[in-house]
file final39.txt (compact mmCIF, C-alpha atoms and all ligand atoms)
# COMPACT_ATOMS: atom_id res chain seq x y z
CA MET A 174 94.86 85.69 111.75
CA SER A 175 96.22 89.22 111.71
CA GLY A 176 97.63 88.94 108.17
CA PRO A 177 99.98 86.83 106.09
CA PRO A 178 103.22 85.86 107.80
CA GLU A 179 106.31 87.94 107.23
CA ILE A 180 109.00 85.85 105.56
CA VAL A 181 112.60 86.95 105.94
CA VAL A 182 115.27 84.97 104.14
CA CYS A 183 118.82 85.51 105.28
CA ALA A 184 121.83 84.45 103.26
CA GLY A 185 123.38 82.27 105.94
CA PRO A 186 123.31 81.22 109.58
CA ASP A 187 125.17 84.29 110.84
CA SER A 188 122.77 86.79 109.36
CA LEU A 189 119.84 84.60 110.42
CA HIS A 190 120.83 84.61 114.06
CA GLU A 191 121.79 88.26 113.98
CA ARG A 192 118.33 89.03 112.58
CA ALA A 193 116.63 86.86 115.21
CA ALA A 194 118.60 88.50 118.03
CA ARG A 195 117.66 91.97 116.85
CA ARG A 196 114.04 90.93 116.70
CA PHE A 197 114.18 89.56 120.25
CA VAL A 198 115.80 92.76 121.57
CA GLN A 199 113.26 94.94 119.77
CA ALA A 200 110.33 92.87 121.03
CA ALA A 201 111.68 93.11 124.58
CA ARG A 202 112.00 96.90 124.35
CA THR A 203 108.50 97.29 122.94
CA ALA A 204 106.89 95.01 125.53
CA ILE A 205 108.74 96.50 128.51
CA GLY A 206 108.00 100.01 127.28
CA ALA A 207 104.30 99.23 126.89
CA ARG A 208 103.60 96.84 129.77
CA GLY A 209 106.66 96.80 131.99
CA ARG A 210 107.59 93.20 131.23
CA PHE A 211 108.59 90.88 128.41
CA ALA A 212 107.18 87.34 128.46
CA VAL A 213 109.04 85.08 126.07
CA ALA A 214 108.67 81.36 125.35
CA LEU A 215 111.78 79.59 124.05
CA SER A 216 112.18 76.39 122.08
CA GLY A 217 114.73 73.62 122.10
CA GLY A 218 116.55 71.80 119.34
CA SER A 219 119.80 72.82 117.72
CA THR A 220 118.65 75.85 115.73
CA PRO A 221 118.27 78.35 118.61
CA ARG A 222 121.68 77.56 120.15
CA PRO A 223 123.62 80.24 118.22
CA LEU A 224 120.80 82.69 118.94
CA PHE A 225 121.03 82.05 122.68
CA GLU A 226 124.81 82.51 122.52
CA ARG A 227 124.38 85.76 120.64
CA LEU A 228 121.79 87.02 123.14
CA ALA A 229 124.22 86.22 125.96
CA ASP A 230 126.96 88.28 124.34
CA PRO A 231 127.45 91.34 126.56
CA GLY A 232 126.99 93.71 123.62
CA VAL A 233 123.53 92.28 122.93
CA ALA A 234 122.53 91.26 126.45
CA GLY A 235 123.14 94.81 127.64
CA ALA A 236 120.34 96.01 125.36
CA VAL A 237 117.73 93.95 127.23
CA GLU A 238 116.29 94.88 130.63
CA TRP A 239 116.58 91.32 131.94
CA ASP A 240 114.96 92.02 135.29
CA ALA A 241 111.71 92.66 133.42
CA VAL A 242 111.89 89.40 131.44
CA HIS A 243 109.77 86.32 132.16
CA VAL A 244 111.07 83.19 130.46
CA PHE A 245 108.76 80.32 129.53
CA TRP A 246 109.20 77.42 127.09
CA CYS A 247 107.16 76.37 124.07
CA ASP A 248 107.88 72.76 124.96
CA GLU A 249 110.00 70.51 127.12
CA ARG A 250 111.31 66.99 127.03
CA CYS A 251 110.60 65.31 130.39
CA VAL A 252 114.20 64.79 131.44
CA PRO A 253 116.17 66.33 134.31
CA PRO A 254 117.58 69.83 133.69
CA ASP A 255 121.16 68.54 133.53
CA ASP A 256 120.26 66.02 130.81
CA GLU A 257 121.63 67.27 127.51
CA ARG A 258 118.17 66.82 125.95
CA SER A 259 116.56 69.32 128.34
CA ASN A 260 115.34 72.47 126.60
CA TYR A 261 115.51 74.38 129.88
CA GLY A 262 119.03 73.08 130.52
CA MET A 263 120.22 74.19 127.09
CA ALA A 264 118.82 77.71 127.48
CA LYS A 265 120.19 77.91 131.02
CA ARG A 266 123.73 76.99 130.00
CA LEU A 267 123.89 79.13 126.89
CA LEU A 268 121.84 82.14 127.94
CA LEU A 269 120.14 82.35 131.30
CA ASP A 270 123.26 81.72 133.40
CA ARG A 271 124.98 84.55 131.54
CA VAL A 272 122.43 87.33 131.82
CA PRO A 273 120.92 89.04 134.88
CA VAL A 274 117.49 87.40 134.66
CA SER A 275 115.81 86.75 137.99
CA GLY A 276 115.41 83.05 138.86
CA THR A 277 111.87 83.74 140.04
CA ARG A 278 110.99 84.80 136.49
CA VAL A 279 112.29 81.64 134.85
CA HIS A 280 109.25 79.41 134.45
CA ARG A 281 110.56 76.06 133.29
CA ILE A 282 108.26 73.18 132.45
CA ARG A 283 109.08 70.78 135.24
CA CYS A 284 108.05 67.36 134.04
CA GLU A 285 110.91 65.03 134.92
CA ASP A 286 109.45 64.01 138.27
CA VAL A 287 105.67 64.28 137.82
CA GLU A 288 103.27 62.77 135.34
CA PRO A 289 103.36 64.85 132.13
CA ALA A 290 99.59 65.50 132.33
CA GLU A 291 99.99 66.98 135.79
CA ALA A 292 103.05 68.94 134.68
CA ALA A 293 101.02 70.39 131.79
CA GLU A 294 98.24 71.44 134.19
CA ARG A 295 100.73 73.07 136.55
CA TYR A 296 102.45 74.86 133.68
CA GLU A 297 99.14 76.15 132.34
CA LYS A 298 98.31 77.45 135.83
CA GLU A 299 101.69 79.15 136.09
CA LEU A 300 101.22 80.80 132.71
CA ARG A 301 97.78 82.05 133.69
CA GLU A 302 98.85 83.25 137.14
CA THR A 303 101.91 85.04 135.79
CA LEU A 304 100.43 86.64 132.70
CA SER A 305 96.65 86.85 132.92
CA VAL A 306 94.90 89.93 134.10
CA THR A 307 91.70 88.03 134.88
CA PRO A 308 91.21 84.26 135.39
CA ALA A 309 89.08 84.06 132.24
CA GLU A 310 91.63 85.78 130.03
CA THR A 311 94.01 83.81 127.83
CA PRO A 312 97.54 84.87 128.77
CA HIS A 313 99.48 86.73 126.13
CA LEU A 314 103.10 85.82 125.64
CA ASP A 315 104.96 88.71 124.05
CA PHE A 316 107.24 86.52 121.95
CA ALA A 317 107.10 82.82 121.11
CA LEU A 318 110.22 81.40 119.48
CA LEU A 319 109.40 78.26 117.53
CA GLY A 320 111.37 75.84 115.38
CA LEU A 321 110.28 73.48 112.64
CA GLY A 322 111.24 69.83 112.29
CA SER A 323 111.94 68.35 108.88
CA ASP A 324 108.76 66.30 109.45
CA GLY A 325 106.80 69.55 109.97
CA HIS A 326 106.45 69.47 113.77
CA THR A 327 106.69 72.59 115.84
CA ALA A 328 107.11 72.79 119.61
CA SER A 329 106.10 69.20 120.53
CA ILE A 330 103.09 69.15 118.20
CA PHE A 331 103.85 66.29 115.84
CA PRO A 332 102.20 65.23 112.57
CA GLY A 333 99.09 63.19 113.29
CA SER A 334 98.78 64.47 116.85
CA SER A 335 95.45 65.70 118.19
CA ALA A 336 97.40 68.58 119.82
CA ALA A 337 97.23 70.49 116.53
CA ALA A 338 93.44 70.65 116.89
CA GLU A 339 93.37 71.63 120.59
CA THR A 340 91.08 74.60 121.15
CA THR A 341 90.93 74.99 124.93
CA ARG A 342 93.93 73.86 126.91
CA LEU A 343 97.10 75.92 126.87
CA ALA A 344 99.54 73.11 127.63
CA LEU A 345 99.36 69.41 126.85
CA ALA A 346 101.18 66.24 127.76
CA VAL A 347 102.65 64.40 124.78
CA PRO A 348 103.49 60.78 125.66
CA ALA A 349 106.60 59.16 124.22
CA SER A 350 104.26 56.52 122.79
CA GLU A 351 102.75 59.08 120.43
CA PRO A 352 103.28 57.89 116.85
CA GLY A 353 105.18 60.45 114.81
CA MET A 354 107.31 61.86 117.62
CA ALA A 355 110.72 62.97 116.38
CA ASP A 356 113.90 62.33 118.36
CA PRO A 357 114.37 62.45 121.23
CA VAL A 358 111.45 60.11 121.88
CA VAL A 359 110.62 60.90 125.51
CA ASP A 360 107.50 62.12 127.28
CA ARG A 361 107.03 65.80 126.56
CA VAL A 362 104.87 68.78 127.49
CA THR A 363 104.00 71.35 124.86
CA LEU A 364 102.19 74.63 124.59
CA ALA A 365 99.06 74.09 122.50
CA PRO A 366 97.69 76.33 119.73
CA PRO A 367 95.46 78.41 122.07
CA ALA A 368 98.52 79.61 124.02
CA LEU A 369 100.64 80.21 120.94
CA ASP A 370 97.79 81.90 119.10
CA ALA A 371 97.46 84.43 121.90
CA ALA A 372 101.10 85.50 121.55
CA ARG A 373 101.78 89.03 120.36
CA GLU A 374 104.62 87.83 118.16
CA VAL A 375 105.45 84.35 116.93
CA VAL A 376 108.81 83.80 115.29
CA PHE A 377 109.73 80.58 113.51
CA LEU A 378 113.50 80.22 113.25
CA VAL A 379 114.45 77.62 110.64
CA ALA A 380 117.82 76.79 109.11
CA GLY A 381 119.16 74.25 106.65
CA SER A 382 118.10 72.70 103.38
CA GLY A 383 116.80 69.61 105.19
CA LYS A 384 113.90 71.77 106.36
CA ALA A 385 113.10 73.16 102.89
CA PRO A 386 110.31 70.69 101.99
CA ALA A 387 108.59 71.22 105.38
CA VAL A 388 108.89 75.00 105.10
CA ALA A 389 107.41 74.96 101.59
CA ALA A 390 104.57 72.59 102.53
CA THR A 391 103.74 74.57 105.67
CA LEU A 392 103.78 77.98 104.04
CA GLU A 393 102.66 77.27 100.49
CA GLY A 394 100.98 73.86 100.55
CA PRO A 395 97.31 73.07 101.11
CA ARG A 396 96.05 73.69 104.63
CA ASP A 397 96.41 70.46 106.60
CA PRO A 398 97.51 71.21 110.18
CA ALA A 399 97.23 67.56 111.18
CA ARG A 400 100.01 66.82 108.67
CA TRP A 401 101.88 70.16 108.97
CA PRO A 402 101.32 71.21 112.60
CA ALA A 403 102.93 74.65 112.24
CA GLN A 404 99.89 75.56 110.14
CA ALA A 405 97.85 75.24 113.34
CA ILE A 406 99.61 78.30 114.77
CA ASP A 407 97.41 81.12 113.66
CA PRO A 408 97.59 84.07 116.06
CA VAL A 409 94.40 86.00 116.64
CA ASP A 410 95.99 89.45 116.74
CA GLY A 411 99.69 88.72 116.88
CA ASP A 412 102.30 88.85 114.14
CA VAL A 413 103.97 85.80 112.67
CA ALA A 414 107.43 85.89 111.13
CA TRP A 415 109.44 83.14 109.54
CA LEU A 416 113.17 83.77 109.73
CA LEU A 417 114.83 81.40 107.29
CA ASP A 418 118.27 80.86 105.90
CA SER A 419 118.54 80.36 102.17
CA GLY A 420 118.71 76.56 102.58
CA ALA A 421 115.45 76.40 104.51
CA ALA A 422 113.80 78.76 102.02
CA ALA A 423 114.97 76.89 98.94
CA GLY A 424 111.58 75.28 98.25
CA LEU A 425 109.59 78.53 98.41
CA SER A 426 108.51 80.17 95.21
CA GLY A 427 110.29 83.49 94.67
CA PHE A 428 112.68 83.09 97.58
CA VAL A 429 115.59 84.61 95.66
CA GLU A 430 113.90 88.01 95.65
CA ALA A 431 113.44 87.82 99.37
CA VAL A 432 117.07 87.09 100.27
CA GLU A 433 118.57 89.81 102.36
CA GLU A 434 121.61 90.22 104.52
CA ALA A 435 121.17 91.37 108.07
CA THR A 436 122.66 94.79 108.46
C1 LIG A 501 111.97 70.32 120.83
C2 LIG A 501 111.70 71.54 120.05
C3 LIG A 501 111.32 71.31 118.62
C4 LIG A 501 112.36 71.95 117.72
C5 LIG A 501 112.36 71.34 116.36
C6 LIG A 501 113.51 71.83 115.52
O1 LIG A 501 112.00 70.40 122.03
O2 LIG A 501 112.22 69.26 120.25
O3 LIG A 501 111.27 72.65 120.66
O4 LIG A 501 110.05 71.70 118.23
O5 LIG A 501 112.14 73.32 117.65
O6 LIG A 501 112.50 69.95 116.50
O7 LIG A 501 114.68 71.33 116.09
P1 LIG A 501 116.09 71.57 115.46
O8 LIG A 501 116.38 73.01 115.61
O9 LIG A 501 117.03 70.73 116.26
O10 LIG A 501 116.01 71.14 114.04
call {"tool": "encode", "arguments": {"input": "final39.txt", "output": "structure tokens"}}
result
Amino acid sequence: MSGPPEIVVCAGPDSLHERAARRFVQAARTAIGARGRFAVALSGGSTPRPLFERLADPGVAGAVEWDAVHVFWCDERCVPPDDERSNYGMAKRLLLDRVPVSGTRVHRIRCEDVEPAEAAERYEKELRETLSVTPAETPHLDFALLGLGSDGHTASIFPGSSAAAETTRLALAVPASEPGMADPVVDRVTLAPPALDAAREVVFLVAGSGKAPAVAATLEGPRDPARWPAQAIDPVDGDVAWLLDSGAAAGLSGFVEAVEEAT
């Protein structure tokens, strides 16, 4: 790992999403300036919704060179895009339909009409073909946006899943039958630790006091990635940041000192 994670505690949801949006915009500028493109992987769930809406706001969206952005997902539920549980569908409605991103650079995980294992293989291939310089190289996402479940899962890597220990494959099928899957219980495809660990920047966005025990156990508890899968995300050279609201941070020691308002 490149160093201890950065932990930013914001007073409330507004400052949290403002902070996350600024981080996204800055990461996009840095990546496009350095390499001519910004490869981001988004997550689903309820937490990123206000962030997507903020990024779609013309004042913020105008600061991103969208035609240089490649959009991937950290995980997907295997449902059609117009199903309200679809992570792609949510990002499309709230963000992608409102910004000038090219459709050819939106790399959704298509798993509603193929076996999840095949979808995972195809997605891994697409990641490699889009981002790798050589076939042997692990592709580097510039920015991976992750959430945390109150049970400790991240992306679709659930407690007790062998996905947390994956060392080779970049994307994995997660069957609905997997014990420990949080709602919605449907087949899923997830990026695995090797893909997330190659990211240049990993940002966990977590809000609400219901997440406080999982945040504290993940960040300050004993290392046990099988129980707390977010501990399995350990970038080789990339930076990790945890953007928390004060509710989510409430179980951390010394969180009061860390509270700051976004400016
Ligand atoms: C998914 C997600 C998942 C999510 C967490 C947090 O597709 O289910 O990507 O990992 O980030 O479950 O979800 P909430 O923001 O809804 O709490």
call {"tool": "residues_near_ligand", "arguments": {"input": "final39.txt", "ligand": "ligand LIG 501 (chain A)", "cutoff": "7 Å", "atoms": "all atoms listed in the file", "output": "list in words"}}
result
Ser216, Gly217, Gly218, Ser219, Thr220, Pro221, Cys247, Asp248, Glu249, Arg250, Asn260, Leu319, Gly320, Leu321, Gly322, His326, Thr327, Ala328 and Ser329 of chain A
call {"tool": "closest_atom_pairs", "arguments": {"input": "final39.txt", "of": "stretch 340-431 of chain A", "to": "stretch 182-200 of chain A", "cutoff": "7 Å", "atoms": "only C-alpha atoms", "output": "JSON lines"}}
result
{"residue": "A:Leu416", "atom": "CA", "partner": "A:Val182", "partner_atom": "CA", "distance": 6.1}
{"residue": "A:Leu417", "atom": "CA", "partner": "A:Val182", "partner_atom": "CA", "distance": 4.8}
{"residue": "A:Asp418", "atom": "CA", "partner": "A:Cys183", "partner_atom": "CA", "distance": 4.7}
{"residue": "A:Ser419", "atom": "CA", "partner": "A:Ala184", "partner_atom": "CA", "distance": 5.4}
{"residue": "A:Ala422", "atom": "CA", "partner": "A:Val182", "partner_atom": "CA", "distance": 6.7}
{"residue": "A:Ala431", "atom": "CA", "partner": "A:Val182", "partner_atom": "CA", "distance": 5.9}
call {"tool": "atom_distance", "arguments": {"input": "final39.txt", "atom1": "atom CA of A:Ala385", "atom2": "atom CA of A:Pro352"}}
result
22.9 Å
call {"tool": "atom_distance", "arguments": {"input": "final39.txt", "atom1": "atom CA of A:Val358", "atom2": "atom CA of A:Asp370"}}
result
25.9 Å
call {"tool": "closest_residue", "arguments": {"input": "final39.txt", "among": "A:Thr363, A:Thr340, A:Ser275, A:Thr303", "to": "A:Pro289", "atoms": "only C-alpha atoms"}}
result
A:Thr363
call {"tool": "closest_residue", "arguments": {"input": "final39.txt", "among": "A:Val362, A:Asp240, A:Asp315, A:Glu226", "to": "A:Arg283", "atoms": "all atoms listed in the file"}}
result
A:Val362
call {"tool": "atom_distance", "arguments": {"input": "final39.txt", "atom1": "atom CA of A:Lys265", "atom2": "atom CA of A:Leu224"}}
result
13.0 Å
call {"tool": "closest_atom_pairs", "arguments": {"input": "final39.txt", "of": "stretch 278-358 of chain A", "to": "stretch 208-211 of chain A", "cutoff": "10 Å", "atoms": "all atoms listed in the file", "output": "JSON lines"}}
result
{"residue": "A:Leu304", "atom": "CA", "partner": "A:Arg210", "partner_atom": "CA", "distance": 9.8}
{"residue": "A:Leu314", "atom": "CA", "partner": "A:Phe211", "partner_atom": "CA", "distance": 8.0}
{"residue": "A:Asp315", "atom": "CA", "partner": "A:Phe211", "partner_atom": "CA", "distance": 6.1}
{"residue": "A:Phe316", "atom": "CA", "partner": "A:Phe211", "partner_atom": "CA", "distance": 7.9}
call {"tool": "closest_residue", "arguments": {"input": "final39.txt", "among": "A:Pro273, A:Val244, A:Ser334, A:Tyr261", "to": "A:Glu299", "atoms": "only C-alpha atoms"}}
result
A:Val244
call {"tool": "closest_residue", "arguments": {"input": "final39.txt", "among": "A:Val306, A:Ala355, A:Val413, A:Ala292", "to": "A:Glu374", "atoms": "only C-alpha atoms"}}
result
A:Val413
call {"tool": "residues_around", "arguments": {"input": "final39.txt", "residues": "A:Gly235", "least_positions_apart": "4", "cutoff": "10 Å", "atoms": "all atoms listed in the file", "output": "VMD selection string"}}
result
chain A and resid 198 228 to 231 239 272 to 273
call {"tool": "write_last_selection", "arguments": {"input": "final39.txt", "atoms": "C-alpha atoms", "output": "PDB file, keeping the file's coordinate frame"}}
result
ATOM      1  CA  VAL A 198     115.800  92.760 121.570  1.00  0.00           C
ATOM      2  CA  LEU A 228     121.790  87.020 123.140  1.00  0.00           C
ATOM      3  CA  ALA A 229     124.220  86.220 125.960  1.00  0.00           C
ATOM      4  CA  ASP A 230     126.960  88.280 124.340  1.00  0.00           C
ATOM      5  CA  PRO A 231     127.450  91.340 126.560  1.00  0.00           C
ATOM      6  CA  TRP A 239     116.580  91.320 131.940  1.00  0.00           C
ATOM      7  CA  VAL A 272     122.430  87.330 131.820  1.00  0.00           C
ATOM      8  CA  PRO A 273     120.920  89.040 134.880  1.00  0.00           C
TER       9      PRO A 273
END
call {"tool": "closest_residue", "arguments": {"input": "final39.txt", "among": "A:Ala201, A:Leu269, A:Leu369, A:Ile180", "to": "A:Ala337", "atoms": "only C-alpha atoms"}}
result
A:Leu369
call {"tool": "closest_residue", "arguments": {"input": "final39.txt", "among": "A:Ser323, A:Leu267, A:Glu393, A:Gly420", "to": "A:Pro177", "atoms": "only C-alpha atoms"}}
result
A:Glu393
